[in-house]
$ cat model34.cif   # mmCIF, C-alpha atoms
data_start
#
loop_
_atom_site.label_atom_id
_atom_site.label_comp_id
_atom_site.auth_asym_id
_atom_site.auth_seq_id
_atom_site.Cartn_x
_atom_site.Cartn_y
_atom_site.Cartn_z
CA MET A 204 -22.75 13.67 30.29
CA LYS A 205 -20.78 11.13 32.28
CA LEU A 206 -17.11 12.13 32.58
CA THR A 207 -14.10 10.16 33.76
CA ASP A 208 -11.80 11.58 36.43
CA GLU A 209 -9.31 12.59 33.71
CA GLU A 210 -12.03 14.37 31.75
CA LYS A 211 -13.20 16.18 34.87
CA ALA A 212 -9.62 17.36 35.41
CA MET A 213 -9.53 18.66 31.82
CA LEU A 214 -12.78 20.54 32.36
CA ALA A 215 -11.46 22.05 35.58
CA GLY A 216 -8.46 23.44 33.72
CA GLU A 217 -5.96 21.23 35.51
CA MET A 218 -4.41 20.21 32.17
CA GLY A 219 -4.26 23.69 30.69
CA GLU A 220 -6.60 26.16 29.05
CA ALA A 221 -6.45 24.52 25.61
CA LYS A 222 -7.75 21.18 26.87
CA ARG A 223 -10.32 22.95 29.03
CA TRP A 224 -11.66 24.70 25.91
CA ALA A 225 -11.59 21.45 23.95
CA ILE A 226 -13.54 19.31 26.37
CA ASP A 227 -16.00 22.12 27.09
CA HIS A 228 -16.65 22.34 23.35
CA GLN A 229 -17.17 18.57 23.17
CA ILE A 230 -19.57 18.55 26.10
CA LYS A 231 -21.67 21.21 24.37
CA VAL A 232 -21.70 19.29 21.07
CA GLY A 233 -22.43 16.04 22.86
CA GLY A 234 -25.23 17.66 24.84
CA MET A 235 -26.90 18.75 21.62
CA PHE A 236 -26.92 15.13 20.38
CA ASP A 237 -27.69 13.51 23.77
CA ALA A 238 -24.30 11.77 23.94
CA PRO A 239 -24.05 9.78 27.19
CA ASP A 240 -20.27 10.16 27.43
CA LEU A 241 -17.08 10.58 25.42
CA VAL A 242 -15.44 7.76 23.46
CA PRO A 243 -11.63 7.49 23.02
CA VAL A 244 -10.47 7.94 19.42
CA SER A 245 -7.26 6.72 17.82
CA GLN A 246 -6.87 9.47 15.18
CA ALA A 247 -8.20 12.90 14.27
CA HIS A 248 -8.34 14.56 10.84
CA MET A 249 -9.03 18.28 10.46
CA MET A 250 -10.09 20.51 7.61
CA ALA A 251 -8.17 23.77 8.06
CA ASP A 252 -7.76 25.42 4.67
CA PRO A 253 -7.45 29.23 4.74
CA GLU A 254 -10.51 29.84 2.56
CA SER A 255 -12.69 28.11 5.17
CA LEU A 256 -11.00 29.57 8.24
CA GLY A 257 -10.19 33.10 7.13
CA GLU A 258 -8.31 35.58 9.29
CA ALA A 259 -10.45 34.75 12.33
CA GLY A 260 -9.57 31.09 12.02
CA GLY A 261 -5.90 31.92 11.77
CA ASP A 262 -6.17 34.04 14.91
CA PHE A 263 -7.98 31.22 16.70
CA LEU A 264 -5.30 28.63 15.89
CA GLU A 265 -2.53 30.99 16.98
CA ASP A 266 -4.41 31.68 20.22
CA MET A 267 -4.62 27.93 20.87
CA VAL A 268 -0.85 27.70 20.39
CA ALA A 269 -0.36 30.55 22.87
CA LYS A 270 -2.50 28.60 25.35
CA GLY A 271 -0.19 25.61 25.09
CA ALA A 272 -2.31 23.41 22.82
CA ARG A 273 -0.68 20.07 21.97
CA VAL A 274 -2.42 17.10 20.38
CA ALA A 275 -2.81 13.95 22.45
CA ILE A 276 -3.25 11.50 19.56
CA PRO A 277 -2.06 11.32 15.93
CA MET A 278 -3.76 14.18 14.10
CA ILE A 279 -3.58 14.86 10.38
CA THR A 280 -4.83 17.49 7.95
CA ASP A 281 -7.10 17.72 4.92
CA PRO A 282 -5.90 19.36 1.65
CA ARG A 283 -4.49 22.86 1.89
CA GLY A 284 -5.96 25.85 0.09
CA VAL A 285 -2.66 26.96 -1.45
CA ASP A 286 0.12 24.94 -3.07
CA LEU A 287 2.92 27.27 -1.97
CA ASN A 288 5.07 26.19 -4.93
CA HIS A 289 2.51 27.05 -7.62
CA TYR A 290 0.06 29.65 -6.34
CA ARG A 291 1.00 32.76 -8.33
CA PRO A 292 0.41 31.31 -11.83
CA LEU A 293 -3.04 30.17 -10.69
CA GLY A 294 -4.04 33.69 -9.74
CA GLN A 295 -3.91 33.21 -5.98
CA SER A 296 -2.72 36.22 -4.00
CA GLU A 297 0.17 36.72 -1.60
CA GLU A 298 -2.42 37.35 1.14
CA MET A 299 -3.84 33.87 0.58
CA ALA A 300 -0.37 32.34 0.77
CA THR A 301 0.50 34.31 3.92
CA LEU A 302 -2.63 33.07 5.68
CA GLU A 303 -1.79 29.52 4.60
CA ARG A 304 1.71 29.82 6.06
CA ARG A 305 0.29 31.09 9.37
CA MET A 306 -2.06 28.13 9.65
CA ILE A 307 0.65 25.62 8.79
CA ALA A 308 2.95 27.10 11.44
CA ALA A 309 0.23 27.02 14.10
CA CYS A 310 -0.74 23.42 13.32
CA GLU A 311 2.87 22.26 13.40
CA LYS A 312 3.40 23.88 16.81
CA MET A 313 0.45 21.85 18.12
CA GLY A 314 2.03 18.63 16.86
CA ILE A 315 -0.41 18.16 14.00
CA LEU A 316 0.98 16.16 11.07
CA MET A 317 0.62 18.22 7.89
CA THR A 318 -0.46 15.36 5.65
CA ASN A 319 -2.67 17.66 3.52
CA THR A 320 -4.76 14.86 2.10
CA CYS A 321 -8.37 13.75 1.71
CA VAL A 322 -7.28 10.20 0.85
CA ASN A 323 -5.51 9.34 4.10
CA TYR A 324 -7.25 5.94 4.03
CA GLN A 325 -5.12 5.19 0.94
CA THR A 326 -1.88 6.93 1.90
CA ILE A 327 -1.38 7.38 5.67
CA MET A 328 -2.92 4.88 8.11
CA PRO A 329 -6.33 3.44 7.28
CA PRO A 330 -8.59 2.96 10.30
CA VAL A 331 -9.72 -0.60 10.96
CA LEU A 332 -13.02 -2.31 11.70
CA GLY A 333 -14.58 -0.91 14.86
CA ASP A 334 -11.91 1.81 15.24
CA HIS A 335 -13.36 5.04 16.71
CA VAL A 336 -11.87 8.10 14.97
CA ALA A 337 -12.67 11.81 14.60
CA TYR A 338 -12.52 12.78 10.93
CA GLY A 339 -13.58 15.99 9.23
CA ASP A 340 -13.59 15.56 5.45
CA THR A 341 -16.86 14.08 4.18
CA GLY A 342 -15.16 11.76 1.69
CA VAL A 343 -12.79 10.54 4.39
CA VAL A 344 -15.64 9.90 6.82
CA ILE A 345 -17.85 7.95 4.41
CA TYR A 346 -14.97 5.79 3.12
CA SER A 347 -13.68 5.07 6.64
CA ASN A 348 -17.15 4.21 7.97
CA SER A 349 -18.29 2.20 4.98
CA ILE A 350 -15.26 0.50 3.44
CA CYS A 351 -13.05 0.22 6.54
CA GLY A 352 -15.84 -0.28 9.08
CA ALA A 353 -14.39 2.41 11.37
CA ARG A 354 -16.62 4.82 13.31
CA SER A 355 -16.73 8.58 12.83
CA ASN A 356 -19.21 11.39 12.51
CA PHE A 357 -18.55 14.42 10.32
CA GLU A 358 -16.40 16.54 12.67
CA GLY A 359 -16.38 20.28 12.05
CA GLY A 360 -12.97 21.98 12.27
CA PRO A 361 -13.21 23.02 15.95
CA SER A 362 -14.61 19.59 16.91
CA ALA A 363 -11.81 17.78 15.09
CA LEU A 364 -9.23 19.96 16.83
CA ALA A 365 -10.91 19.30 20.17
CA ALA A 366 -10.72 15.56 19.53
CA GLY A 367 -7.03 15.88 18.73
CA LEU A 368 -6.39 17.73 21.98
CA THR A 369 -8.42 15.42 24.25
CA GLY A 370 -8.17 12.09 22.41
CA ARG A 371 -11.93 11.74 22.64
CA THR A 372 -15.16 12.66 20.88
CA PRO A 373 -18.81 12.64 21.98
CA ARG A 374 -20.41 9.19 21.70
CA TYR A 375 -23.37 9.85 19.41
CA GLY A 376 -24.40 9.19 15.82
CA LEU A 377 -22.25 6.63 14.04
CA HIS A 378 -20.28 5.76 17.17
CA LEU A 379 -23.43 3.87 18.25
CA ASP A 380 -24.39 0.45 16.89
CA GLU A 381 -28.05 1.30 16.40
CA ASN A 382 -27.30 4.19 14.06
CA ARG A 383 -25.26 2.00 11.69
CA GLN A 384 -28.22 -0.15 10.61
CA ALA A 385 -29.61 0.38 7.12
CA THR A 386 -32.61 2.67 6.63
CA ARG A 387 -32.90 2.48 2.79
CA ARG A 388 -32.38 -0.46 0.45
CA PHE A 389 -31.31 0.09 -3.16
CA VAL A 390 -31.02 -2.61 -5.84
CA VAL A 391 -28.66 -1.78 -8.71
CA ARG A 392 -29.84 -2.83 -12.19
CA GLU A 393 -27.02 -1.18 -14.18
CA GLN A 394 -23.43 -2.17 -13.35
CA PRO A 395 -20.79 0.57 -12.99
CA LYS A 396 -17.83 0.15 -15.36
CA GLU A 397 -15.30 2.90 -14.50
CA LEU A 398 -14.60 5.60 -11.90
CA THR A 399 -17.20 8.09 -13.06
CA ASP A 400 -19.90 5.40 -13.22
CA TRP A 401 -19.24 4.59 -9.56
CA GLY A 402 -19.39 8.31 -8.75
CA VAL A 403 -22.75 8.69 -10.53
CA LEU A 404 -24.14 5.68 -8.67
CA GLY A 405 -23.00 7.19 -5.37
CA ALA A 406 -24.45 10.57 -6.33
CA LEU A 407 -27.86 9.08 -7.09
CA VAL A 408 -27.94 7.01 -3.90
CA GLY A 409 -26.99 10.09 -1.87
CA LYS A 410 -29.60 12.22 -3.60
CA LEU A 411 -32.31 9.63 -2.97
CA ALA A 412 -31.27 9.04 0.65
CA GLY A 413 -31.08 12.79 1.24
CA SER A 414 -30.19 12.85 4.93
CA TYR A 415 -27.21 12.59 7.24
CA TRP A 416 -29.15 10.08 9.32
CA ALA A 417 -30.04 7.84 6.36
CA VAL A 418 -27.93 4.69 5.93
CA PRO A 419 -28.27 3.14 2.45
CA VAL A 420 -27.57 -0.51 1.77
CA ILE A 421 -26.85 -1.37 -1.87
CA GLU A 422 -27.33 -4.79 -3.41
CA GLY A 423 -27.13 -6.18 -6.93
CA LEU A 424 -23.48 -5.28 -7.55
CA GLU A 425 -21.73 -7.98 -9.56
CA VAL A 426 -18.18 -6.74 -8.90
CA VAL A 427 -16.31 -5.53 -5.85
CA PRO A 428 -15.23 -1.90 -6.34
CA THR A 429 -11.54 -1.06 -6.18
CA SER A 430 -10.38 1.43 -3.56
CA ASP A 431 -10.52 4.24 -6.13
CA GLU A 432 -13.99 3.24 -7.33
CA ALA A 433 -15.28 3.11 -3.75
CA LYS A 434 -13.57 6.45 -3.12
CA HIS A 435 -15.44 8.16 -5.96
CA MET A 436 -18.69 6.47 -5.01
CA GLY A 437 -18.51 7.55 -1.38
CA ALA A 438 -17.32 11.08 -2.06
CA ALA A 439 -20.23 11.66 -4.45
CA MET A 440 -22.74 10.11 -2.06
CA ALA A 441 -21.58 12.36 0.76
CA SER A 442 -21.71 15.38 -1.54
CA PHE A 443 -25.20 14.77 -2.94
CA GLY A 444 -26.77 13.46 0.27
CA SER A 445 -24.63 14.39 3.31
CA THR A 446 -24.34 10.62 3.74
CA PRO A 447 -21.61 9.44 6.17
CA LEU A 448 -22.16 5.67 5.92
CA PHE A 449 -23.38 3.16 3.35
CA HIS A 450 -23.25 -0.61 3.07
CA MET A 451 -22.81 -2.91 0.06
CA ALA A 452 -24.36 -6.30 0.69
CA GLY A 453 -21.74 -9.04 0.61
CA ILE A 454 -18.91 -6.51 0.16
CA THR A 455 -18.47 -4.02 3.03
CA PRO A 456 -17.36 -5.41 6.40
CA GLU A 457 -20.52 -4.76 8.40
CA ALA A 458 -22.88 -6.10 5.72
CA GLN A 459 -21.61 -9.53 4.73
CA THR A 460 -25.30 -10.37 4.39
CA LEU A 461 -28.24 -8.03 3.85
CA ALA A 462 -29.64 -9.14 7.21
CA ASP A 463 -26.47 -8.03 9.06
CA VAL A 464 -27.59 -4.40 8.70
CA GLY A 465 -31.35 -5.00 8.72
CA GLY A 466 -31.67 -4.55 4.98
CA ASP A 467 -33.81 -7.66 4.58
CA LYS A 468 -36.62 -5.87 6.42
CA LEU A 469 -36.63 -2.82 4.09
CA PRO A 470 -38.55 -2.39 0.83
CA ALA A 471 -36.31 -2.62 -2.24
CA GLU A 472 -35.90 0.48 -4.43
CA GLU A 473 -34.49 -0.10 -7.92
CA ILE A 474 -31.76 2.00 -9.55
CA THR A 475 -31.90 1.64 -13.34
CA LYS A 476 -29.83 2.82 -16.27
CA ALA A 477 -32.47 5.47 -16.95
CA ASP A 478 -32.10 6.81 -13.41
CA LEU A 479 -28.31 7.08 -13.77
CA ASP A 480 -28.54 8.63 -17.24
CA ALA A 481 -30.98 11.23 -15.94
CA LEU A 482 -28.47 12.38 -13.33
CA ARG A 483 -25.67 12.56 -15.90
CA ALA A 484 -27.83 14.62 -18.25
CA GLY A 485 -27.71 17.55 -15.86
CA PHE A 486 -23.96 17.97 -16.32
CA GLY A 487 -22.89 19.01 -19.82
CA ALA A 488 -23.35 17.78 -23.38
CA LYS A 489 -21.19 17.08 -26.42
CA GLY A 490 -19.96 20.23 -28.10
CA ASP A 491 -20.04 22.39 -24.95
CA LYS A 492 -16.98 24.65 -24.68
CA ILE A 493 -14.57 23.83 -21.85
CA ASP A 494 -12.29 26.34 -20.10
CA VAL A 495 -10.72 24.05 -17.52
CA VAL A 496 -10.61 20.31 -16.87
CA VAL A 497 -10.12 19.30 -13.23
CA PHE A 498 -9.02 15.94 -11.87
CA ALA A 499 -9.59 16.25 -8.12
CA ALA A 500 -12.12 15.75 -5.30
CA PRO A 501 -10.86 13.34 -4.10
CA GLN A 502 -7.14 13.69 -4.69
CA LEU A 503 -5.76 11.19 -7.20
CA SER A 504 -4.13 7.96 -6.05
CA ILE A 505 -0.92 6.69 -7.63
CA VAL A 506 -3.05 4.29 -9.70
CA GLU A 507 -5.17 7.16 -11.00
CA MET A 508 -2.02 9.16 -11.75
CA GLN A 509 -0.69 6.26 -13.81
CA ALA A 510 -3.97 5.93 -15.69
CA LEU A 511 -4.10 9.67 -16.37
CA ALA A 512 -0.48 9.75 -17.56
CA ALA A 513 -1.23 6.93 -20.00
CA GLN A 514 -4.15 8.96 -21.39
CA CYS A 515 -2.00 12.11 -21.62
CA ALA A 516 1.03 10.69 -23.39
CA GLY A 517 1.84 12.59 -26.59
CA LYS A 518 -1.11 14.98 -26.30
CA THR A 519 -1.30 18.80 -26.10
CA PHE A 520 -4.21 20.40 -24.28
CA LYS A 521 -6.20 23.32 -25.63
CA SER A 522 -8.11 23.74 -22.34
CA ALA A 523 -6.42 24.38 -19.00
CA VAL A 524 -6.04 21.18 -16.94
CA ILE A 525 -5.55 21.00 -13.15
CA VAL A 526 -4.64 17.76 -11.38
CA CYS A 527 -4.64 17.51 -7.57
CA THR A 528 -2.85 14.75 -5.71
CA SER A 529 -1.58 14.18 -2.19
CA PRO A 530 1.92 14.95 -0.87
CA GLN A 531 2.36 11.21 -0.34
CA VAL A 532 1.57 10.35 -3.98
CA TYR A 533 3.34 13.32 -5.60
CA PRO A 534 6.96 12.18 -5.00
CA ASP A 535 6.17 8.65 -6.18
CA ALA A 536 4.51 10.04 -9.31
CA THR A 537 7.55 12.27 -9.87
CA ARG A 538 9.99 9.37 -9.44
CA MET A 539 7.99 7.24 -11.85
CA GLY A 540 7.94 9.99 -14.48
CA LEU A 541 4.15 10.40 -14.34
CA ILE A 542 4.24 14.11 -13.44
CA ASP A 543 6.47 14.88 -16.44
CA VAL A 544 4.13 13.06 -18.80
CA ILE A 545 1.02 14.79 -17.44
CA GLU A 546 2.60 18.25 -17.37
CA GLY A 547 4.04 17.68 -20.85
CA THR A 548 0.52 18.31 -22.13
CA GLY A 549 0.40 21.77 -20.56
CA ALA A 550 -1.46 20.53 -17.49
CA LYS A 551 -0.47 21.52 -13.94
CA VAL A 552 -0.20 18.98 -11.11
CA LEU A 553 -0.80 20.48 -7.65
CA GLU A 554 0.45 18.87 -4.44
CA GLY A 555 -1.58 18.77 -1.24
CA THR A 556 -4.56 20.83 -2.40
CA CYS A 557 -8.00 20.11 -3.82
CA PHE A 558 -9.53 22.40 -6.41
CA TYR A 559 -12.80 23.38 -4.78
CA ASN A 560 -11.25 24.46 -1.47
CA GLN A 561 -8.37 26.47 -2.89
CA TYR A 562 -10.18 29.71 -3.71
CA ALA A 563 -11.81 28.20 -6.80
CA ARG A 564 -13.92 31.31 -7.45
CA GLU A 565 -10.93 33.65 -7.35
CA ILE A 566 -8.89 31.30 -9.56
CA GLY A 567 -11.73 31.18 -12.07
CA GLU A 568 -12.07 34.96 -12.14
CA ALA A 569 -8.31 35.44 -12.51
CA ASN A 570 -8.14 33.06 -15.48
CA GLY A 571 -11.50 33.71 -17.09
CA TRP A 572 -12.69 30.14 -16.43
CA THR A 573 -16.41 29.46 -16.17
CA ARG A 574 -17.01 26.10 -17.88
CA LEU A 575 -15.44 23.22 -15.96
CA LEU A 576 -15.24 19.51 -16.86
CA SER A 577 -14.31 16.72 -14.44
CA ASN A 578 -14.61 12.97 -14.01
CA SER A 579 -15.55 13.56 -10.34
CA ALA A 580 -19.27 13.52 -9.57
CA LYS A 581 -18.45 15.19 -6.25
CA ILE A 582 -16.82 18.26 -7.74
CA VAL A 583 -19.47 18.89 -10.39
CA ASN A 584 -22.04 18.96 -7.59
CA ILE A 585 -20.04 21.49 -5.57
CA ILE A 586 -18.43 23.76 -8.12
CA SER A 587 -21.45 25.66 -9.43
CA GLY A 588 -21.48 27.43 -6.07
CA TYR A 589 -18.11 28.94 -7.05
CA GLY A 590 -19.35 30.46 -10.29
CA TYR A 591 -18.72 27.58 -12.71
CA THR A 592 -20.95 25.70 -15.12
CA PRO A 593 -19.92 22.08 -14.51
CA ALA A 594 -19.85 19.07 -16.82
CA LEU A 595 -19.11 15.41 -16.10
CA ALA A 596 -17.34 12.78 -18.22
CA SER A 597 -15.08 9.75 -17.83
CA MET A 598 -11.31 10.23 -17.52
CA ASP A 599 -10.64 9.37 -21.17
CA ARG A 600 -13.38 11.73 -22.39
CA CYS A 601 -12.01 14.48 -20.11
CA VAL A 602 -8.57 14.09 -21.69
CA ALA A 603 -9.99 14.06 -25.23
CA SER A 604 -12.11 17.12 -24.42
CA ALA A 605 -9.08 18.98 -23.05
CA VAL A 606 -7.35 18.36 -26.39
CA ALA A 607 -10.37 19.58 -28.36
CA GLY A 608 -11.37 22.46 -26.07
CA GLU A 609 -14.94 21.16 -25.98
CA ILE A 610 -16.77 18.07 -24.72
CA VAL A 611 -16.34 15.20 -27.16
#
$ encode --input "model34.cif" --output "structure tokens"
Amino acid sequence: MKLTDEEKAMLAGEMGEAKRWAIDHQIKVGGMFDAPDLVPVSQAHMMADPESLGEAGGDFLEDMVAKGARVAIPMITDPRGVDLNHYRPLGQSEEMATLERRMIAACEKMGILMTNTCVNYQTIMPPVLGDHVAYGDTGVVIYSNSICGARSNFEGGPSALAAGLTGRTPRYGLHLDENRQATRRFVVREQPKELTDWGVLGALVGKLAGSYWAVPVIEGLEVVPTSDEAKHMGAAMASFGSTPLFHMAGITPEAQTLADVGGDKLPAEEITKADLDALRAGFGAKGDKIDVVVFAAPQLSIVEMQALAAQCAGKTFKSAVIVCTSPQVYPDATRMGLIDVIEGTGAKVLEGTCFYNQYAREIGEANGWTRLLSNSAKIVNIISGYGYTPALASMDRCVASAVAGEIV
């Protein structure tokens, strides 16, 4: 790998042990993917929840602090695993909270901004077309690549931290022009109408594409998705297919025409109403009992919070309801009275967490929850691995089901 003089100095330890570790890690990752060099990045985003890191991860972060680690570029964080204001009623333990506090303290000492969000492209500083970044969360990566036209691979936790410390990342994968061309072409024959429809479309495209290296291009859409619709679509696609980039012909910045991404040379594969209905059929049916309804994955925007509050007004929930939003949205939603309306139903709004990475199994066991309903196609794909039987419905059906205690 070709290194600049500054990078050689990092590797030699001239800029401290933390940067030496970071660039050594990046050289090893880059070597695995035949990266020719390192590319400067403007931002880094790291997943560092305590459930993922554990005690060993906490020790590692504290060791990096002891070695003088300090980020070189703006670096932000994904959702936390514990909302420190609300963890006991959920059934989370003091040990979980203590580990969370340790990780927060270590990150802050390194100069990491504790944004605690998976929707930073809506709330912090969206990357721009052609911007090289180093992002960890799959939903963040696919939105930033596809909708913003920025450039990022899925960065594991250590790789994201290394990028924050060096201001660089290995130049491979989606940092290269040739890997951003379409490899599959899908023609939509059934138009999405609301958030969950967009999530189901993304889920099916991801499932059909089925590879990190596949780049779908989608045509036939008659409307431009809103930011929230694109968010749900991308998050589901990344969940079902490990997909980090997709194009929408005539909509996304790199695919103003099908030919821009080579889609005109690919055979067209149709996506019909029957295909979408078949995917939905695997996630719950009317009359199924519901223990908990979850609005999360990704965290809710202020627009989604407003829509949910309008659905919740004057209702009382029979099922438990958990809502996860970002620390940037939460104070706005509080000021606007949306939190009071939502929690007036008996629901709980959590700040800076996301349900599936906050010890979901332990929370379920503590509360006796096994049957989960959500309007997020991403979370219903993930959550069965935590001991739940998932079901999928639109936001309004989720609210009505929470009132009834069963899917309506």
$ resolve_selection --input "model34.cif" --expression "the PyMOL selection byres ((chain A and resi 419-428) around 8)" --output "list in words"
Ala385, Thr386, Arg387, Arg388, Phe389, Val390, Val391, Arg392, Gln394, Val408, Ala412, Ala417, Val418, Thr429, Ser430, Asp431, Glu432, Ala433, Leu448, Phe449, His450, Met451, Ala452, Ile454, Leu461, Val464 and Gly466 of chain A
$ residues_around --input "model34.cif" --residues "stretch 539-552 of chain A" --least-positions-apart "5" --cutoff "6 Å" --atoms "only C-alpha atoms" --output "PDB file with C-alpha atoms, in the coordinates of the input"
ATOM      1  CA  ALA A 512      -0.480   9.750 -17.560  1.00  0.00           C
ATOM      2  CA  CYS A 515      -2.000  12.110 -21.620  1.00  0.00           C
ATOM      3  CA  LYS A 518      -1.110  14.980 -26.300  1.00  0.00           C
ATOM      4  CA  THR A 519      -1.300  18.800 -26.100  1.00  0.00           C
ATOM      5  CA  PHE A 520      -4.210  20.400 -24.280  1.00  0.00           C
ATOM      6  CA  VAL A 524      -6.040  21.180 -16.940  1.00  0.00           C
ATOM      7  CA  ILE A 525      -5.550  21.000 -13.150  1.00  0.00           C
ATOM      8  CA  VAL A 526      -4.640  17.760 -11.380  1.00  0.00           C
ATOM      9  CA  CYS A 527      -4.640  17.510  -7.570  1.00  0.00           C
TER      10      CYS A 527
END
$ resolve_selection --input "model34.cif" --expression "the PyMOL selection byres ((chain A and resi 599) around 10)" --output "list in words"
Ala510, Leu511, Ala513, Gln514, Cys515, Asn578, Ala596, Ser597, Met598, Arg600, Cys601, Val602, Ala603, Ser604 and Ala605 of chain A
$ atom_distance --input "model34.cif" --atom1 "atom CA of A:Tyr346" --atom2 "atom CA of A:Glu472"
22.9 Å
$ resolve_selection --input "model34.cif" --expression "the PyMOL selection byres ((chain A and resi 555) around 6)" --output "ChimeraX atom specification"
/A:282-283,319,529-530,554,556
$ closest_residue --input "model34.cif" --among "A:His435, A:Arg273, A:Lys476, A:Arg223" --to "A:Leu368" --atoms "all atoms listed in the file"
A:Arg273
$ decode --input "model34.cif" --residues "stretch 589-605 of chain A" --atoms "N, CA and C atoms" --output "PDB file, in the first residue's frame"
ATOM      1  N   TYR A 589     -33.252 -12.407  18.559  1.00  0.00           N
ATOM      2  CA  TYR A 589     -33.243 -12.042  19.974  1.00  0.00           C
ATOM      3  C   TYR A 589     -34.388 -12.707  20.735  1.00  0.00           C
ATOM      4  N   GLY A 590     -35.009 -13.706  20.113  1.00  0.00           N
ATOM      5  CA  GLY A 590     -36.023 -14.473  20.816  1.00  0.00           C
ATOM      6  C   GLY A 590     -37.452 -14.011  20.611  1.00  0.00           C
ATOM      7  N   TYR A 591     -37.696 -13.150  19.627  1.00  0.00           N
ATOM      8  CA  TYR A 591     -39.035 -12.634  19.371  1.00  0.00           C
ATOM      9  C   TYR A 591     -39.652 -13.279  18.127  1.00  0.00           C
ATOM     10  N   THR A 592     -40.968 -13.309  18.094  1.00  0.00           N
ATOM     11  CA  THR A 592     -41.712 -13.630  16.879  1.00  0.00           C
ATOM     12  C   THR A 592     -42.204 -12.308  16.297  1.00  0.00           C
ATOM     13  N   PRO A 593     -41.660 -11.862  15.168  1.00  0.00           N
ATOM     14  CA  PRO A 593     -41.950 -10.514  14.684  1.00  0.00           C
ATOM     15  C   PRO A 593     -43.139 -10.460  13.734  1.00  0.00           C
ATOM     16  N   ALA A 594     -43.791  -9.310  13.710  1.00  0.00           N
ATOM     17  CA  ALA A 594     -44.868  -9.017  12.771  1.00  0.00           C
ATOM     18  C   ALA A 594     -44.691  -7.604  12.247  1.00  0.00           C
ATOM     19  N   LEU A 595     -45.212  -7.361  11.043  1.00  0.00           N
ATOM     20  CA  LEU A 595     -44.998  -6.096  10.347  1.00  0.00           C
ATOM     21  C   LEU A 595     -46.335  -5.483   9.946  1.00  0.00           C
ATOM     22  N   ALA A 596     -46.489  -4.187  10.180  1.00  0.00           N
ATOM     23  CA  ALA A 596     -47.703  -3.475   9.771  1.00  0.00           C
ATOM     24  C   ALA A 596     -47.386  -1.995   9.633  1.00  0.00           C
ATOM     25  N   SER A 597     -48.254  -1.255   8.988  1.00  0.00           N
ATOM     26  CA  SER A 597     -48.086   0.186   8.842  1.00  0.00           C
ATOM     27  C   SER A 597     -48.202   0.870  10.202  1.00  0.00           C
ATOM     28  N   MET A 598     -47.785   2.137  10.273  1.00  0.00           N
ATOM     29  CA  MET A 598     -47.829   2.863  11.540  1.00  0.00           C
ATOM     30  C   MET A 598     -49.237   2.899  12.119  1.00  0.00           C
ATOM     31  N   ASP A 599     -50.246   3.190  11.287  1.00  0.00           N
ATOM     32  CA  ASP A 599     -51.599   3.291  11.833  1.00  0.00           C
ATOM     33  C   ASP A 599     -52.115   1.939  12.324  1.00  0.00           C
ATOM     34  N   ARG A 600     -51.750   0.857  11.620  1.00  0.00           N
ATOM     35  CA  ARG A 600     -52.161  -0.478  12.081  1.00  0.00           C
ATOM     36  C   ARG A 600     -51.407  -0.875  13.350  1.00  0.00           C
ATOM     37  N   CYS A 601     -50.147  -0.442  13.474  1.00  0.00           N
ATOM     38  CA  CYS A 601     -49.389  -0.711  14.705  1.00  0.00           C
ATOM     39  C   CYS A 601     -50.067  -0.048  15.904  1.00  0.00           C
ATOM     40  N   VAL A 602     -50.489   1.197  15.729  1.00  0.00           N
ATOM     41  CA  VAL A 602     -51.156   1.922  16.813  1.00  0.00           C
ATOM     42  C   VAL A 602     -52.480   1.245  17.166  1.00  0.00           C
ATOM     43  N   ALA A 603     -53.277   0.917  16.155  1.00  0.00           N
ATOM     44  CA  ALA A 603     -54.556   0.249  16.404  1.00  0.00           C
ATOM     45  C   ALA A 603     -54.352  -1.111  17.064  1.00  0.00           C
ATOM     46  N   SER A 604     -53.311  -1.813  16.698  1.00  0.00           N
ATOM     47  CA  SER A 604     -53.008  -3.123  17.284  1.00  0.00           C
ATOM     48  C   SER A 604     -52.566  -2.992  18.723  1.00  0.00           C
ATOM     49  N   ALA A 605     -51.814  -1.917  19.025  1.00  0.00           N
ATOM     50  CA  ALA A 605     -51.396  -1.679  20.412  1.00  0.00           C
ATOM     51  C   ALA A 605     -52.610  -1.428  21.308  1.00  0.00           C
TER      52      ALA A 605
END
